[in-house]
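Student: First, the structure itself, so that you have it in front of you.
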Amino acid sequence: MKDLYPVLAAEGLKLKRTLALRLAIWCPTVIVLLVFGIYAGRSEKHSDADLLTGFAQLTLTIWTIILFPLYAALVAALVAAVEHQNESWKHILALPVDRSKIFVAKWIAGIGLLLLSSLVLATGVVATAEVLRLMKPAWSSSRLPSVMIFRGVLLSSCAAGFLFSIQMWISLRWRSFLPGLVVAVIALALMFVAIPRGIALFGSLFPWSLPAMAMSPHNPYRPIAVGLGLLGGVLVGAIACWHLSRHEFC
Amino acid sequence: MTDSLAIESRGLTRTFGSCTAVRGLELRVPRGIIYGFLGPNGAGKTTTIRLLLGLLRPTSGTILLNGEVLTQERRELLRGIGALVETPSLYPHLTGQENLEVTRRILKLPRSRVADTLALSGLTADANRVVRAYSLGMRQRLGLALAWLGEPSLMMLDEPANGLDPAGIRELRGHLQKLAHDHNVTIFLSSHVLNEVEQVADYIGIINRGQLLFQGKLHELQRYQAPLTVVADGGFDAAALLKAHGWQVLKDSENLVEVQISLDEDIAAINRCLLDNGFHVYRLERRQETLEDLFLRMVMN
């Protein structure tokens with residue numbers, strides 16, 4: 001860990017002024033504002049105790065099911081592109097550092113961005129819900145499950161580990177954005193086919209559906225999704241680091 | 001012998017499919033010198049540098065850096081090496097200072113190294129500008145600064161003069177000489193321009209189609225170089241005189257003699273000899289050799 005820290009510190013600096021870092025803030029913010037806009041336009045008369053819970057659930061559902069898998073693929077591609085685009089591998093890999101540390105640091109940087117975006121989302125949901133309460137006094141008694149929101153996004157991020165490791169492996173291995181994007185789109189299409197048809201087991205094992213599975217507290221597969229996301233993420237990440245350390249990038 | 005060498009390769013070979021990029025390379029680079037690694041484009045220079053940096057694995061053969069065998073597991077050997085391979089590897093969204101800071105953090109160097117290196121590269125004033133806004137020459141200088149950041153004992157520079165204007169090339173030349181002679185840094189410098197390398201290198205290695213054609217001190221290369229053309233009256237008599245003094249006359253005519261020489265000092269000696277014997281010398285000329293001419297001559301030899 002001591003040896004990893006300098007590489008990680010360098011990785012953090014590389015993210016400065018990057019699109020990857022901006023998107024980590026803007027992507028969840030846009031989703032929150034979109035759903036906020038929908039709710040802000042609603043009449044104050046439609047009021048019940050779970051209205052703000054519904055607001056939070058809608059935001060989290062859009063994020064975890066539709067956007068998060070694509071966003072994770074994008075983060076992986078952008079983190080890898082920092083080296084690919086500038087042909088920096090020939091400099092970084094010629095430094096007297098264990099190569100696996102360089103890739104582990106990249107993984108951690110990517111996961112850090114995913115966690116940051118999840119944190120922005122959860123904070124955004126809670127903050128905009130409070131704004132809605134101020135705007136519409138009739139909704140002030142509506143409950144907002146803040147703890148559930150933060151726990152949900154955290155577990156969802158953990159469950160995204162598996163898909164992120166796969167995307168990261170592909171993005172680091174190939175210079176082009178295309179392989180990673182193709183995999184993400186095909187995986188999403190499979191997910192949308194499998195889950196509505198009730199293939200629950202498939203859904204709970206499929207890396208791209210794990211974040212959605214982990215979001216809902218009522219989902220019986222939640223512990224499996226979180227566990228598999230973490231375990232799969234570490235396992236695939238370790239194999240990928242081993243492979244990439246031996247790969248000739250130049 | 002091995003201990004006195006900064007770089008040594010034994011039977012270094014690398015193939016890509018059916019193409020052999022480097023074949024049985026036997027490099028011997030003594031410490032503290034500037035080694036000019038010459039070859040036309042596609043000769044295998046960059047592949048060799050990538051092999052020496054551990055970026056590529058050899059198909060066969062061994063690499064020794066400062067007397068120690070380089071393997072993927074012995075990456076600490078790279079600590080004393082700075083490199084610039086082709087274009088500088090820079091992050092355009094970061095400033096010049098931040099670019100150096102990235103490598104400084106990885107190498108765990110003191111913070112002061114960044115400012116020192118920027119000052120040495122003449123980039124202090126532009127240190128806080130993003131590299132995207134840098135000119136080609138400034139990027140090249142920053143790439144060299146990156147190679148020098150860890151104060152290596154060996155620098156491998158692949159075509160470092162690319163993108164530099166004549167003033168920049170001259171500055172680079174002075175900088176390299178200063179590093180080699182004042183700081184005892186070994187510089188392995190690849191180029192496809194003979195003239196550029198001749199002015200700084202102590203040793204020369206010439207590679208073509210993955211094979212080393214020549215390796216030795218710069219003056220040893222002179223024997224492969226173009227002959228001296230002497231324009232003087234009484235060309236036949238002048239040729240006879242020079243032959244009598246031991247020079248090898250290749251061609252003579254009424255007012256022109258071509259003499260094979262090995263040292264620049266020979267030019268002055270020939271001139272003096274002719275003048276002392278009453279000849280009028282109108283011109284002494286040695287054609288600027290291109291790498292292609294040199295290769296032809298080497299192959300013919």
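Simple scheme: letters A, B, ... for chains in structure tokens order, numbers from 1 for residues in each chain, numbers from 1 for ligands in the order shown.
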Residues of chain A within 10 Å of chain B: nearest atom pair and distance (Å, one decimal) for each, counting only C-alpha atoms, sorted by chain and number, as a Markdown table?
Tutor:
| residue | atom | partner | partner_atom | distance |
| --- | --- | --- | --- | --- |
| A:Asp3 | CA | B:Ile106 | CA | 9.1 |
| A:Leu4 | CA | B:Ile106 | CA | 9.0 |
| A:Tyr5 | CA | B:Ile106 | CA | 8.7 |
| A:Pro6 | CA | B:Ile106 | CA | 5.1 |
| A:Val7 | CA | B:Ile106 | CA | 5.1 |
| A:Leu8 | CA | B:Ile106 | CA | 8.4 |
| A:Ala9 | CA | B:Arg105 | CA | 6.8 |
| A:Ala10 | CA | B:Val102 | CA | 4.7 |
| A:Glu11 | CA | B:Val102 | CA | 7.6 |
| A:Gly12 | CA | B:Val102 | CA | 9.0 |
| A:Leu13 | CA | B:Val102 | CA | 6.7 |
| A:Lys14 | CA | B:Val102 | CA | 7.2 |
| A:Leu15 | CA | B:Leu94 | CA | 9.0 |
| A:Lys16 | CA | B:Leu94 | CA | 7.2 |
| A:Arg17 | CA | B:His93 | CA | 6.4 |
| A:Thr18 | CA | B:His93 | CA | 7.1 |
| A:Val82 | CA | B:Tyr91 | CA | 7.4 |
| A:Glu83 | CA | B:Tyr91 | CA | 8.1 |
| A:Gln85 | CA | B:Tyr91 | CA | 8.9 |
| A:Asn86 | CA | B:Ser89 | CA | 6.1 |
| A:Glu87 | CA | B:Ser89 | CA | 5.9 |
| A:Ser88 | CA | B:Ser89 | CA | 4.7 |
| A:Trp89 | CA | B:Ser89 | CA | 7.9 |
| A:Lys90 | CA | B:Leu55 | CA | 6.8 |
| A:His91 | CA | B:Ser89 | CA | 6.1 |
| A:Ile92 | CA | B:Thr103 | CA | 8.1 |
| A:Leu93 | CA | B:Leu55 | CA | 6.7 |
| A:Ala94 | CA | B:Leu53 | CA | 5.7 |
| A:Leu95 | CA | B:Leu78 | CA | 6.3 |
| A:Pro96 | CA | B:Arg75 | CA | 5.0 |
| A:Val97 | CA | B:Arg75 | CA | 6.5 |
| A:Asp98 | CA | B:Arg75 | CA | 6.9 |
| A:Arg99 | CA | B:Arg75 | CA | 8.9 |
| A:Ile102 | CA | B:Ile106 | CA | 9.5 |
| A:Ser245 | CA | B:Gln72 | CA | 9.4 |
| A:Arg246 | CA | B:Gln72 | CA | 8.6 |
| A:His247 | CA | B:Leu56 | CA | 9.0 |
| A:Glu248 | CA | B:Leu56 | CA | 6.0 |
| A:Phe249 | CA | B:Leu55 | CA | 7.5 |
| A:Cys250 | CA | B:Leu55 | CA | 6.6 |
Student: As a PyMOL selection string, please: every residue in region 39-238 of chain B that a backbone DSSP assignment puts in helix (DSSP H, G or I).
Tutor: chain B and resi 45-52+75-80+96-107+112-121+124-126+131-133+136-148+166-182+194-198+218-224+235-238
Student: Quote the spacing between CA of Pro152 (chain B) and CA of Ala43 (chain B) in Å to one decimal place.
Tutor: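 Going from CA of Pro152 (chain B) over to CA of Ala43 (chain B) covers 26.8 Å.
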Student: I'd like the contact shell of Thr123 (chain A) - 9 Å cut-off, only C-alpha atoms, skipping same-chain residues fewer than 6 positions apart - returned as a list in words.
Tutor: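 Final neighbour list, sorted by chain and number: Ser146, Ile149 and Phe150 of chain A.
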Student: Using only C-alpha atoms, which residues sit within 10 Å of Ala138 (chain A) once same-chain residues fewer than 4 positions away are excluded, as a list in words?
Tutor: Ser43, Glu44, Lys45, His46, Ser47, Asp48, Leu132, Arg133, Leu134 and Ser142 of chain A
Student: For the residues selected in the previous step, produce a file with C-alpha atoms as a PDB file, in the first residue's frame.
Tutor:
ATOM      1  CA  SER A  43     -49.430  20.409  -8.532  1.00  0.00           C
ATOM      2  CA  GLU A  44     -49.158  20.772  -4.784  1.00  0.00           C
ATOM      3  CA  LYS A  45     -52.557  19.076  -4.422  1.00  0.00           C
ATOM      4  CA  HIS A  46     -51.075  15.686  -5.343  1.00  0.00           C
ATOM      5  CA  SER A  47     -49.607  15.052  -1.980  1.00  0.00           C
ATOM      6  CA  ASP A  48     -49.025  11.937   0.054  1.00  0.00           C
ATOM      7  CA  LEU A 132     -39.190  20.837  -3.146  1.00  0.00           C
ATOM      8  CA  ARG A 133     -40.389  20.925   0.458  1.00  0.00           C
ATOM      9  CA  LEU A 134     -39.645  24.653   0.590  1.00  0.00           C
ATOM     10  CA  SER A 142     -43.682  13.807   3.057  1.00  0.00           C
TER      11      SER A 142
END
